[in-house]
>>> print(open('query-v3.cif').read())   # mmCIF, C-alpha atoms
data_protein
#
loop_
_atom_site.label_atom_id
_atom_site.label_comp_id
_atom_site.auth_asym_id
_atom_site.auth_seq_id
_atom_site.Cartn_x
_atom_site.Cartn_y
_atom_site.Cartn_z
CA MET E 53 66.38 63.47 118.49
CA SER E 54 67.29 67.02 117.47
CA GLY E 55 65.54 70.36 117.75
CA ARG E 56 64.61 72.52 120.69
CA VAL E 57 61.24 71.93 122.38
CA GLU E 58 59.81 75.17 123.75
CA TYR E 59 56.88 75.60 126.09
CA GLU E 60 53.56 76.39 124.49
CA PRO E 61 50.11 76.17 126.06
CA ALA E 62 48.69 72.72 125.48
CA SER E 63 45.93 70.49 126.77
CA VAL E 64 47.46 67.98 129.17
CA LYS E 65 44.44 65.74 128.55
CA ALA E 66 45.09 65.70 124.80
CA LEU E 67 48.81 65.09 125.32
CA LEU E 68 48.15 62.18 127.70
CA ALA E 69 45.62 60.61 125.32
CA GLU E 70 48.12 60.81 122.45
CA MET E 71 50.88 59.39 124.65
CA LYS E 72 48.69 56.43 125.63
CA ASP E 73 47.78 55.69 122.01
CA THR E 74 51.40 56.12 120.89
CA ALA E 75 52.77 53.83 123.61
CA GLU E 76 50.31 51.04 122.76
CA LEU E 77 50.99 51.38 119.04
CA LEU E 78 54.73 51.23 119.72
CA ILE E 79 54.37 47.90 121.52
CA ASP E 80 52.47 46.43 118.55
CA LEU E 81 54.92 47.77 115.98
CA SER E 82 58.08 46.71 117.80
CA TYR E 83 57.07 43.06 118.14
CA SER E 84 55.77 43.05 114.56
CA ALA E 85 59.16 44.34 113.40
CA VAL E 86 60.82 41.34 115.07
CA LEU E 87 58.27 38.90 113.66
CA HIS E 88 58.75 40.18 110.11
CA GLY E 89 62.43 41.06 110.46
CA SER E 90 61.32 44.36 108.94
CA ASP E 91 63.69 47.34 108.91
CA ASP E 92 60.83 49.53 107.61
CA VAL E 93 58.52 48.76 110.55
CA ALA E 94 61.40 49.09 113.03
CA ALA E 95 62.23 52.51 111.55
CA GLU E 96 58.61 53.59 112.11
CA VAL E 97 59.04 52.63 115.77
CA LEU E 98 62.00 54.96 116.15
CA LYS E 99 60.14 57.80 114.42
CA LEU E 100 57.25 57.35 116.84
CA GLU E 101 59.67 57.16 119.76
CA GLU E 102 60.99 60.59 118.76
CA ARG E 103 57.41 61.86 118.71
CA MET E 104 56.87 60.45 122.20
CA ASP E 105 59.96 62.31 123.48
CA VAL E 106 58.41 65.58 122.36
CA LEU E 107 55.01 64.73 123.83
CA GLN E 108 56.40 63.86 127.24
CA LEU E 109 58.47 67.06 127.40
CA ARG E 110 55.43 69.17 126.52
CA ALA E 111 53.32 67.32 129.11
CA ARG E 112 55.94 67.85 131.84
CA MET E 113 56.18 71.56 131.00
CA SER E 114 52.41 71.98 131.20
CA LEU E 115 52.21 70.11 134.51
CA LEU E 116 55.01 72.18 136.03
CA MET E 117 53.21 75.37 135.00
CA ALA E 118 50.02 74.07 136.67
CA ALA E 119 51.57 73.35 140.09
CA ARG E 120 51.25 76.43 142.30
CA ASN E 121 51.16 75.01 145.85
CA PRO E 122 51.74 71.76 147.82
CA GLU E 123 48.18 70.59 147.18
CA ASP E 124 48.68 70.94 143.42
CA ALA E 125 51.97 69.05 143.67
CA GLU E 126 50.29 66.16 145.50
CA THR E 127 47.50 65.99 142.94
CA LEU E 128 49.76 66.21 139.90
CA ALA E 129 52.52 63.85 141.07
CA PRO E 130 50.64 60.71 139.87
CA VAL E 131 50.08 62.40 136.51
CA LEU E 132 53.83 62.85 136.14
CA GLY E 133 54.12 59.14 136.94
CA VAL E 134 51.79 58.29 134.05
CA VAL E 135 53.85 60.52 131.74
CA GLY E 136 57.11 58.88 132.81
CA ALA E 137 55.68 55.38 132.46
CA ALA E 138 54.48 56.03 128.90
CA GLU E 139 57.96 57.28 128.02
CA LYS E 140 59.52 54.11 129.46
CA ILE E 141 57.20 51.96 127.34
CA SER E 142 58.26 54.00 124.32
CA ASP E 143 61.96 53.52 125.10
CA ALA E 144 61.47 49.77 125.62
CA ALA E 145 59.70 49.47 122.27
CA GLY E 146 62.59 51.33 120.67
CA ASP E 147 65.04 48.85 122.19
CA ILE E 148 63.05 45.95 120.71
CA ALA E 149 63.06 47.62 117.29
CA LYS E 150 66.83 48.10 117.46
CA VAL E 151 67.21 44.33 117.61
CA VAL E 152 66.12 44.44 113.96
CA LEU E 153 67.82 47.66 112.86
CA GLU E 154 71.18 46.83 114.42
CA ASP E 155 71.08 43.25 113.09
CA ILE E 156 71.22 41.75 116.56
CA ARG E 157 70.37 38.19 115.73
CA VAL E 158 67.43 36.35 117.25
CA PRO E 159 66.71 32.60 117.16
CA GLU E 160 64.31 31.59 114.41
CA ALA E 161 62.22 29.99 117.18
CA ILE E 162 61.05 33.46 118.22
CA ARG E 163 59.40 33.89 114.81
CA ALA E 164 57.70 30.53 115.23
CA ALA E 165 56.14 31.58 118.53
CA LEU E 166 55.28 35.23 117.90
CA PRO E 167 52.50 34.80 115.28
CA GLU E 168 50.23 33.43 117.99
CA ALA E 169 50.98 36.45 120.18
CA VAL E 170 51.06 39.28 117.63
CA GLU E 171 48.02 40.46 115.70
CA SER E 172 48.69 40.90 111.99
CA LEU E 173 50.08 44.39 111.52
CA GLU E 174 51.53 45.80 108.32
CA ARG E 175 53.12 49.01 107.11
CA ALA E 176 51.85 50.08 103.67
CA GLU E 177 52.80 53.16 101.64
CA LEU E 178 49.79 54.32 99.65
CA ALA E 179 50.43 54.32 95.91
CA ALA E 180 49.18 57.21 93.76
CA ASP E 181 47.13 54.83 91.60
CA SER E 182 45.61 52.93 94.53
CA GLU E 183 41.82 52.86 94.63
CA TYR E 184 42.09 54.14 98.21
CA ALA E 185 43.99 57.33 97.27
CA GLY E 186 41.96 60.52 97.52
CA ARG E 187 39.10 58.84 99.39
CA THR E 188 37.99 59.07 103.01
CA LEU E 189 37.95 56.10 105.35
CA LEU E 190 34.15 56.33 105.35
CA ASP E 191 34.10 56.07 101.56
CA VAL E 192 36.58 53.18 101.52
CA ASN E 193 34.63 51.43 104.34
CA LEU E 194 37.73 49.36 104.98
CA GLU E 195 37.06 47.97 108.46
CA THR E 196 33.48 46.94 107.71
CA GLU E 197 34.31 45.20 104.44
CA THR E 198 37.65 43.60 105.35
CA GLY E 199 38.05 43.73 109.14
CA VAL E 200 41.32 45.63 108.61
CA ARG E 201 41.69 48.90 110.51
CA VAL E 202 43.98 51.86 109.85
CA LEU E 203 45.68 52.30 113.23
CA ALA E 204 47.69 55.37 112.32
CA ILE E 205 48.91 57.39 109.36
CA ARG E 206 52.31 59.03 108.90
CA ARG E 207 52.15 61.89 106.43
CA GLY E 208 55.65 63.26 105.93
CA GLY E 209 56.89 64.03 109.43
CA ASP E 210 53.44 64.26 110.99
CA TRP E 211 51.48 61.46 112.67
CA LEU E 212 47.73 61.00 112.73
CA LEU E 213 47.01 58.49 115.49
CA ASN E 214 43.25 58.76 115.48
CA PRO E 215 42.11 58.58 111.85
CA ASP E 216 38.33 58.77 111.69
CA ARG E 217 35.66 58.37 109.03
CA ASP E 218 36.39 61.83 107.58
CA THR E 219 40.15 61.25 107.24
CA GLU E 220 41.20 61.38 103.58
CA LEU E 221 43.90 59.00 102.41
CA THR E 222 46.58 60.70 100.33
CA ALA E 223 49.18 59.20 97.98
CA GLY E 224 52.45 58.77 99.86
CA ASP E 225 50.73 58.22 103.23
CA VAL E 226 52.31 55.48 105.33
CA LEU E 227 49.42 53.42 106.69
CA LEU E 228 49.76 51.17 109.71
CA LEU E 229 47.21 48.40 109.22
CA ARG E 230 45.91 45.80 111.68
CA GLY E 231 43.52 42.99 110.90
CA PRO E 232 42.93 39.29 110.22
CA GLU E 233 45.90 37.53 108.65
CA GLU E 234 43.76 36.22 105.79
CA ARG E 235 42.52 39.74 104.88
CA ILE E 236 45.44 42.06 105.54
CA GLY E 237 47.40 40.84 102.51
CA GLY E 238 44.67 41.91 100.09
CA VAL E 239 44.41 45.38 101.68
CA TYR E 240 48.20 45.74 101.51
CA GLU E 241 48.23 44.89 97.80
CA THR E 242 45.37 47.30 97.04
CA ALA E 243 47.11 50.10 98.95
CA THR E 244 50.64 49.64 97.59
CA GLY E 245 50.17 47.90 94.26
CA GLU E 246 52.82 45.40 95.35
CA ALA E 247 52.56 41.68 96.05
CA TYR E 248 52.13 40.76 99.70
CA GLU E 249 54.65 38.34 101.15
CA PRO E 250 53.73 37.03 104.62
CA PRO E 251 56.63 36.22 106.93
CA ALA E 252 57.97 32.70 106.71
CA VAL E 253 57.33 30.82 109.95
CA PRO E 254 59.92 28.15 110.82
CA GLU E 255 59.20 25.03 112.82
CA PRO E 256 59.25 25.78 116.56
CA SER E 257 62.09 24.54 118.73
CA ILE E 258 61.34 22.00 121.45
CA ASP E 259 64.52 22.24 123.58
CA ASP E 260 65.54 24.68 126.31
CA LEU E 261 65.64 27.43 123.68
CA GLY E 262 62.00 26.73 122.89
CA ARG E 263 61.14 27.12 126.58
CA ALA E 264 63.05 30.40 126.72
CA VAL E 265 61.16 31.69 123.69
CA ASP E 266 57.83 30.62 125.18
CA SER E 267 58.75 32.54 128.34
CA VAL E 268 59.38 35.72 126.35
CA VAL E 269 56.07 35.39 124.51
CA THR E 270 54.23 34.89 127.83
CA MET E 271 56.07 37.91 129.27
CA LYS E 272 54.93 39.95 126.27
CA ASN E 273 51.30 38.95 126.73
CA MET E 274 51.38 39.65 130.47
CA SER E 275 53.13 43.01 130.01
CA GLU E 276 50.57 44.19 127.45
CA LEU E 277 47.77 43.04 129.74
CA SER E 278 49.43 44.90 132.62
CA VAL E 279 49.37 48.16 130.65
CA ASP E 280 45.69 47.68 129.77
CA LEU E 281 44.76 46.89 133.39
CA ALA E 282 46.83 49.82 134.66
CA TYR E 283 44.91 52.28 132.50
CA GLY E 284 41.70 50.56 133.62
CA ALA E 285 42.73 51.03 137.26
CA VAL E 286 43.31 54.73 136.61
CA LEU E 287 40.07 55.18 134.67
CA PHE E 288 37.88 53.46 137.27
CA ASP E 289 40.03 54.34 140.32
CA SER E 290 40.15 50.62 141.12
CA THR E 291 42.62 49.40 143.74
CA ASP E 292 41.65 45.82 142.82
CA LEU E 293 42.81 46.29 139.24
CA ALA E 294 45.96 48.06 140.41
CA ALA E 295 46.71 45.09 142.67
CA GLU E 296 46.33 42.77 139.66
CA VAL E 297 48.93 44.87 137.83
CA VAL E 298 51.37 44.33 140.71
CA GLU E 299 50.67 40.58 140.67
CA LEU E 300 51.30 40.41 136.92
CA GLU E 301 54.55 42.34 137.31
CA ALA E 302 55.72 39.78 139.90
CA GLU E 303 54.84 36.96 137.47
CA VAL E 304 56.81 38.67 134.69
CA ASP E 305 59.81 38.95 137.03
CA ALA E 306 59.56 35.22 137.82
CA LEU E 307 59.32 34.39 134.12
CA LYS E 308 62.38 36.54 133.44
CA SER E 309 64.35 34.49 135.99
CA ARG E 310 63.29 31.22 134.35
CA PHE E 311 64.02 32.69 130.92
CA GLU E 312 67.58 33.50 131.98
CA ALA E 313 68.14 29.96 133.27
CA TRP E 314 66.80 28.32 130.10
CA THR E 315 68.76 30.68 127.86
CA LEU E 316 72.02 29.89 129.65
CA ARG E 317 71.32 26.16 129.31
CA ALA E 318 70.47 26.58 125.63
CA ALA E 319 73.68 28.55 124.99
CA SER E 320 75.76 25.40 125.36
CA ARG E 321 73.65 23.56 122.78
CA VAL E 322 73.05 26.06 119.98
CA GLU E 323 75.53 26.32 117.16
CA ASP E 324 75.98 30.08 117.61
CA PRO E 325 75.33 31.34 121.19
CA VAL E 326 75.68 34.95 119.98
CA SER E 327 72.34 34.52 118.21
CA LEU E 328 70.69 34.59 121.65
CA ARG E 329 71.61 38.26 122.22
CA GLY E 330 68.48 39.54 120.52
CA LEU E 331 66.29 37.31 122.65
CA VAL E 332 67.89 38.70 125.82
CA HIS E 333 67.33 42.28 124.58
CA ILE E 334 63.63 41.56 123.91
CA ALA E 335 63.12 39.94 127.32
CA THR E 336 64.75 42.86 129.13
CA ALA E 337 62.67 45.44 127.26
CA THR E 338 59.50 43.45 127.90
CA GLU E 339 60.17 43.47 131.64
CA VAL E 340 60.53 47.28 131.48
CA ILE E 341 57.03 47.52 129.97
CA SER E 342 55.64 45.51 132.89
CA ASP E 343 57.42 47.76 135.42
CA ALA E 344 56.01 50.84 133.66
CA ALA E 345 52.48 49.48 134.05
CA VAL E 346 52.95 49.47 137.83
CA GLU E 347 54.05 53.11 137.65
CA ILE E 348 50.86 54.03 135.78
CA SER E 349 48.73 52.59 138.58
CA GLU E 350 50.96 53.70 141.46
CA GLY E 351 48.80 56.67 142.40
CA VAL E 352 45.78 54.37 142.77
CA LEU E 353 47.81 51.91 144.84
CA ARG E 354 48.88 54.68 147.21
CA GLY E 355 45.36 55.93 147.73
CA LEU E 356 45.81 59.16 145.80
CA ASP E 357 42.77 60.34 143.89
CA THR E 358 43.13 59.88 140.16
CA HIS E 359 43.35 63.28 138.53
CA VAL E 360 40.33 63.91 136.33
CA VAL E 361 42.56 64.89 133.41
CA VAL E 362 44.06 61.36 133.36
CA GLN E 363 40.65 59.69 133.49
CA GLU E 364 39.37 61.86 130.65
CA ALA E 365 42.51 61.21 128.60
CA VAL E 366 42.02 57.43 128.89
CA GLU E 367 38.35 57.82 127.96
CA GLU E 368 39.16 59.90 124.89
CA SER E 369 42.09 57.86 123.57
CA ASP E 370 41.91 55.96 120.29
CA GLU E 371 41.28 52.56 121.88
CA VAL E 372 38.90 53.02 124.79
CA ILE E 373 38.58 50.91 127.92
CA VAL E 374 34.99 50.30 128.97
CA ARG E 375 33.20 48.55 131.81
CA GLU E 376 29.95 46.77 131.02
CA THR E 377 27.71 44.87 133.46
CA VAL E 378 26.06 41.72 132.10
CA GLU E 379 22.31 42.10 132.58
CA ALA E 380 19.95 39.23 133.38
CA GLY E 381 18.35 37.90 130.21
CA SER E 382 20.97 39.44 127.94
CA ALA E 383 22.71 37.51 125.16
CA LEU E 384 25.78 37.12 127.37
CA ASP E 385 23.96 35.92 130.50
CA GLY E 386 25.08 32.30 131.02
CA ALA E 387 27.18 32.24 127.84
CA THR E 388 30.91 31.85 127.21
CA LEU E 389 32.94 34.58 125.55
CA GLY E 390 33.89 32.15 122.78
CA GLY E 391 30.38 30.79 122.35
CA LYS E 392 29.08 34.28 121.64
CA GLU E 393 32.23 35.14 119.63
CA VAL E 394 32.49 38.40 121.55
CA ALA E 395 35.81 39.46 120.02
CA THR E 396 34.67 38.68 116.47
CA GLU E 397 31.13 40.03 116.76
CA THR E 398 31.94 43.23 118.65
CA GLY E 399 35.62 43.95 117.99
CA MET E 400 36.15 44.34 121.75
CA ARG E 401 38.78 42.35 123.64
CA VAL E 402 37.65 41.40 127.15
CA ILE E 403 40.74 41.84 129.32
CA ALA E 404 39.18 41.04 132.71
CA VAL E 405 35.93 39.89 134.31
CA ARG E 406 34.89 40.90 137.84
CA ARG E 407 32.55 38.51 139.60
CA PRO E 408 30.74 40.33 142.44
CA ASP E 409 30.58 38.42 145.70
CA ALA E 410 28.99 39.15 149.04
CA ASP E 411 32.39 39.24 150.74
CA VAL E 412 35.03 40.00 148.13
CA ASP E 413 35.06 40.59 144.40
CA GLU E 414 36.93 38.07 142.25
CA TRP E 415 38.81 39.18 139.15
CA VAL E 416 39.33 36.80 136.24
CA VAL E 417 42.36 38.16 134.41
CA GLN E 418 43.09 37.00 130.83
CA PRO E 419 39.66 35.41 130.27
CA GLY E 420 39.56 32.98 127.36
CA PRO E 421 36.91 31.69 124.94
CA GLU E 422 35.77 29.17 127.56
CA THR E 423 35.16 31.83 130.24
CA GLU E 424 31.46 31.88 131.18
CA VAL E 425 29.80 35.10 132.32
CA THR E 426 26.52 35.53 134.14
CA ALA E 427 24.22 38.36 135.19
CA GLY E 428 26.01 40.80 137.47
CA ASP E 429 29.48 40.07 136.11
CA VAL E 430 31.41 43.18 135.07
CA LEU E 431 33.41 43.03 131.84
CA LEU E 432 36.47 45.21 131.40
CA ALA E 433 37.09 45.43 127.67
CA LYS E 434 39.21 47.33 125.17
CA GLY E 435 38.48 48.41 121.61
CA THR E 436 37.10 51.24 119.49
CA ARG E 437 34.10 53.35 120.47
CA ALA E 438 31.95 51.71 117.78
CA SER E 439 32.96 48.31 119.13
CA ALA E 440 31.99 49.42 122.64
CA ASP E 441 28.44 50.06 121.46
CA ARG E 442 28.23 46.53 120.03
CA LEU E 443 29.46 45.04 123.31
CA ARG E 444 26.89 47.09 125.22
CA ASP E 445 24.13 45.63 123.03
CA LEU E 446 25.26 42.08 123.84
CA ALA E 447 25.43 42.76 127.59
CA SER E 448 22.06 44.54 127.77
CA ALA E 449 18.73 42.75 128.17
#
>>> encode(input="query-v3.cif", output="structure tokens")
Amino acid sequence: MSGRVEYEPASVKALLAEMKDTAELLIDLSYSAVLHGSDDVAAEVLKLEERMDVLQLRARMSLLMAARNPEDAETLAPVLGVVGAAEKISDAAGDIAKVVLEDIRVPEAIRAALPEAVESLERAELAADSEYAGRTLLDVNLETETGVRVLAIRRGGDWLLNPDRDTELTAGDVLLLRGPEERIGGVYETATGEAYEPPAVPEPSIDDLGRAVDSVVTMKNMSELSVDLAYGAVLFDSTDLAAEVVELEAEVDALKSRFEAWTLRAASRVEDPVSLRGLVHIATATEVISDAAVEISEGVLRGLDTHVVVQEAVEESDEVIVRETVEAGSALDGATLGGKEVATETGMRVIAVRRPDADVDEWVVQPGPETEVTAGDVLLAKGTRASADRLRDLASA
């Protein structure tokens, strides 16, 4: 990265919200780059990583200017931890993208396993003659009609991470799209005017290499969940959620150890052991993301009050984290998450369920379609603000 970054007054809350959104987008993009073997998507990761470097420097400057006494230092120290953790996530995502850009080979088995773990995400450059060009997102009504959402827009050297209904799409914009695999191809073709070619998925391996790949995919899922739970712990000042983040980090460490053993065993059986280098790079970067999640929640773990600016930043970020209590007689009371198609019907992903108990609360982390919820259960979910309203309707009587 080049260019001097000078101090200028800035809202720490706005910087933190943008850093959170950027870090989460970087995770999505980096794994998608590996899945597609896409130099274009990997290059977008590095551009966003440069943007994150600037954001974290500006946030640190603003926080240093705000600390005037020991009490301020104690209050702001956890905020610096959140800033540093987001930067580490950004760097880890950059390392994953470099596996593609530097032609560090990965086993084809990784591309067989990743589709189940990566939501469909595409990079599309808007053509001048596209029917989307010159229209707002409200006018296009893309998400409602196709289920595909514009996550971010790069316009020249500038990034728009929170495009809303009034955002106008301009020819030359680079759109980062996320949506159902069966729909995203059509949106890509309409935006670019080019034929969509989904990535070829080879047959999965079933030997020690397959086990190593499965370990990396599980590490990825756990690390992403850790980041979500860490921000939830900060938002709701929940030591229980912070403790879950620590438990997940320990599980990721254990998986990394098993991954290393299986990879070493596989090295003697694959035709070209050097092809395993990329897999090792991805596993190492994934572990860094898990460690960063613990840093985000460290202030909560140590009993330090969460600074209000961090809570507000999480609330105002692009993808919000909400907590909804299932009311008696509501559509969700006594139902399973899959039976009510919560993710499909609301667009919210339930990342944890807290079951209140007379003695101790029980957290169900990584709930699945078969998870049943009843009145009094608290859902921790992630999605857009519009999606949050739909989830609230399902949980309310």
>>> closest_residue(input="query-v3.cif", among="E:Leu190, E:Val378, E:Val279, E:Val372", to="Val297 of chain E", atoms="all atoms listed in the file")
E:Val279
>>> closest_residue(input="query-v3.cif", among="E:Glu301, E:Glu96, E:Glu70, E:Glu160", to="Gly208 of chain E", atoms="all atoms listed in the file")
E:Glu96
>>> closest_residue(input="query-v3.cif", among="E:Val93, E:Val425, E:Leu281, E:Leu77", to="Gly386 of chain E", atoms="all atoms listed in the file")
E:Val425
>>> atom_distance(input="query-v3.cif", atom1="atom CA of Glu183 of chain E", atom2="atom CA of Ser82 of chain E")
29.0 Å
>>> residues_around(input="query-v3.cif", residues="Ala204 of chain E", least_positions_apart="3", cutoff="7 Å", atoms="all atoms listed in the file", output="list of chain:residue names")
E:Leu212, E:Leu213, E:Asn214, E:Pro215, E:Leu227, E:Leu228
>>> closest_atom_pairs(input="query-v3.cif", of="segment 345-416 of chain E", to="segment 115-132 of chain E", cutoff="8 Å", atoms="only C-alpha atoms", output="Markdown table")
| residue | atom | partner | partner_atom | distance |
| --- | --- | --- | --- | --- |
| E:Ile348 | CA | E:Pro130 | CA | 7.8 |
| E:Glu350 | CA | E:Pro130 | CA | 7.2 |
| E:Gly351 | CA | E:Pro130 | CA | 5.1 |
| E:Leu356 | CA | E:Thr127 | CA | 7.6 |
| E:Asp357 | CA | E:Thr127 | CA | 7.4 |
| E:Thr358 | CA | E:Pro130 | CA | 7.6 |
| E:His359 | CA | E:Thr127 | CA | 6.6 |
| E:Val362 | CA | E:Val131 | CA | 6.9 |
>>> residues_around(input="query-v3.cif", residues="segment 141-146 of chain E", least_positions_apart="2", cutoff="10 Å", atoms="only C-alpha atoms", output="ChimeraX atom specification")
/E:71-72,74-83,94-105,136-139,148-151,279,333-334,336-345
>>> atom_distance(input="query-v3.cif", atom1="atom CA of Ser448 of chain E", atom2="atom CA of Ala294 of chain E")
27.3 Å
>>> closest_residue(input="query-v3.cif", among="E:Ala433, E:Val152, E:Leu384, E:Ala313", to="Ala447 of chain E", atoms="only C-alpha atoms")
E:Leu384
>>> residues_around(input="query-v3.cif", residues="Val405 of chain E", least_positions_apart="2", cutoff="12 Å", atoms="all atoms listed in the file", output="count of residues only")
34
>>> resolve_selection(input="query-v3.cif", expression="the PyMOL selection byres ((chain E and resi 314) around 12)", output="list in words")
Asp259, Asp260, Leu261, Gly262, Arg263, Ala264, Val265, Asp266, Ser267, Val268, Leu307, Lys308, Ser309, Arg310, Phe311, Glu312, Ala313, Thr315, Leu316, Arg317, Ala318, Ala319, Ser320, Arg321, Leu328, Leu331 and Val332 of chain E
>>> closest_residue(input="query-v3.cif", among="E:Gln363, E:Thr244, E:Thr196, E:Ser114", to="Gly399 of chain E", atoms="all atoms listed in the file")
E:Thr196
>>> atom_distance(input="query-v3.cif", atom1="atom CA of Ala223 of chain E", atom2="atom CA of Glu177 of chain E")
7.9 Å
>>> residues_near_point(input="query-v3.cif", point="(33.7, 52.7, 116.9)", cutoff="10 Å", atoms="all atoms listed in the file", output="PyMOL selection string")
chain E and resi 216-217+370-372+398-400+435-442
>>> closest_residue(input="query-v3.cif", among="E:Ala180, E:Leu287, E:Ala380, E:Val239", to="Gly224 of chain E", atoms="all atoms listed in the file")
E:Ala180
>>> residues_near_point(input="query-v3.cif", point="(46.6, 70.4, 130.2)", cutoff="9 Å", atoms="all atoms listed in the file", output="ChimeraX atom specification")
/E:61-68,111,114-115,118,361
>>> write_last_selection(input="query-v3.cif", atoms="C-alpha atoms", output="PDB file, in the coordinates of the input")
ATOM      1  CA  PRO E  61      50.110  76.170 126.060  1.00  0.00           C
ATOM      2  CA  ALA E  62      48.690  72.720 125.480  1.00  0.00           C
ATOM      3  CA  SER E  63      45.930  70.490 126.770  1.00  0.00           C
ATOM      4  CA  VAL E  64      47.460  67.980 129.170  1.00  0.00           C
ATOM      5  CA  LYS E  65      44.440  65.740 128.550  1.00  0.00           C
ATOM      6  CA  ALA E  66      45.090  65.700 124.800  1.00  0.00           C
ATOM      7  CA  LEU E  67      48.810  65.090 125.320  1.00  0.00           C
ATOM      8  CA  LEU E  68      48.150  62.180 127.700  1.00  0.00           C
ATOM      9  CA  ALA E 111      53.320  67.320 129.110  1.00  0.00           C
ATOM     10  CA  SER E 114      52.410  71.980 131.200  1.00  0.00           C
ATOM     11  CA  LEU E 115      52.210  70.110 134.510  1.00  0.00           C
ATOM     12  CA  ALA E 118      50.020  74.070 136.670  1.00  0.00           C
ATOM     13  CA  VAL E 361      42.560  64.890 133.410  1.00  0.00           C
TER      14      VAL E 361
END
>>> resolve_selection(input="query-v3.cif", expression="the PyMOL selection byres ((chain E and resi 157) around 7)", output="ChimeraX atom specification")
/E:155-156,158-159,327-330
>>> decode(input="query-v3.cif", residues="segment 279-284 of chain E", atoms="all heavy atoms", output="PDB file, in the first residue's frame")
ATOM      1  N   VAL E 279     -16.494 -15.353  14.536  1.00  0.00           N
ATOM      2  CA  VAL E 279     -16.537 -13.902  14.312  1.00  0.00           C
ATOM      3  C   VAL E 279     -17.949 -13.368  14.578  1.00  0.00           C
ATOM      4  O   VAL E 279     -18.124 -12.340  15.244  1.00  0.00           O
ATOM      5  CB  VAL E 279     -16.078 -13.564  12.878  1.00  0.00           C
ATOM      6  CG1 VAL E 279     -16.274 -12.086  12.583  1.00  0.00           C
ATOM      7  CG2 VAL E 279     -14.612 -13.943  12.684  1.00  0.00           C
ATOM      8  N   ASP E 280     -18.961 -14.084  14.066  1.00  0.00           N
ATOM      9  CA  ASP E 280     -20.341 -13.656  14.299  1.00  0.00           C
ATOM     10  C   ASP E 280     -20.672 -13.635  15.790  1.00  0.00           C
ATOM     11  O   ASP E 280     -21.264 -12.672  16.303  1.00  0.00           O
ATOM     12  CB  ASP E 280     -21.315 -14.604  13.581  1.00  0.00           C
ATOM     13  CG  ASP E 280     -21.280 -14.445  12.077  1.00  0.00           C
ATOM     14  OD1 ASP E 280     -20.826 -13.389  11.607  1.00  0.00           O
ATOM     15  OD2 ASP E 280     -21.698 -15.384  11.372  1.00  0.00           O
ATOM     16  N   LEU E 281     -20.296 -14.705  16.508  1.00  0.00           N
ATOM     17  CA  LEU E 281     -20.591 -14.775  17.939  1.00  0.00           C
ATOM     18  C   LEU E 281     -19.807 -13.725  18.719  1.00  0.00           C
ATOM     19  O   LEU E 281     -20.294 -13.187  19.720  1.00  0.00           O
ATOM     20  CB  LEU E 281     -20.269 -16.172  18.479  1.00  0.00           C
ATOM     21  CG  LEU E 281     -21.164 -17.319  17.999  1.00  0.00           C
ATOM     22  CD1 LEU E 281     -20.719 -18.629  18.626  1.00  0.00           C
ATOM     23  CD2 LEU E 281     -22.627 -17.057  18.340  1.00  0.00           C
ATOM     24  N   ALA E 282     -18.586 -13.434  18.271  1.00  0.00           N
ATOM     25  CA  ALA E 282     -17.781 -12.423  18.959  1.00  0.00           C
ATOM     26  C   ALA E 282     -18.442 -11.050  18.882  1.00  0.00           C
ATOM     27  O   ALA E 282     -18.525 -10.326  19.887  1.00  0.00           O
ATOM     28  CB  ALA E 282     -16.375 -12.369  18.355  1.00  0.00           C
ATOM     29  N   TYR E 283     -18.923 -10.688  17.690  1.00  0.00           N
ATOM     30  CA  TYR E 283     -19.630  -9.409  17.565  1.00  0.00           C
ATOM     31  C   TYR E 283     -20.935  -9.435  18.358  1.00  0.00           C
ATOM     32  O   TYR E 283     -21.353  -8.419  18.918  1.00  0.00           O
ATOM     33  CB  TYR E 283     -19.893  -9.088  16.092  1.00  0.00           C
ATOM     34  CG  TYR E 283     -18.693  -8.508  15.380  1.00  0.00           C
ATOM     35  CD1 TYR E 283     -18.092  -9.173  14.311  1.00  0.00           C
ATOM     36  CD2 TYR E 283     -18.148  -7.291  15.784  1.00  0.00           C
ATOM     37  CE1 TYR E 283     -16.987  -8.641  13.661  1.00  0.00           C
ATOM     38  CE2 TYR E 283     -17.040  -6.754  15.132  1.00  0.00           C
ATOM     39  CZ  TYR E 283     -16.466  -7.428  14.081  1.00  0.00           C
ATOM     40  OH  TYR E 283     -15.367  -6.912  13.444  1.00  0.00           O
ATOM     41  N   GLY E 284     -21.589 -10.606  18.417  1.00  0.00           N
ATOM     42  CA  GLY E 284     -22.780 -10.730  19.244  1.00  0.00           C
ATOM     43  C   GLY E 284     -22.466 -10.537  20.715  1.00  0.00           C
ATOM     44  O   GLY E 284     -23.221  -9.897  21.454  1.00  0.00           O
TER      45      GLY E 284
END
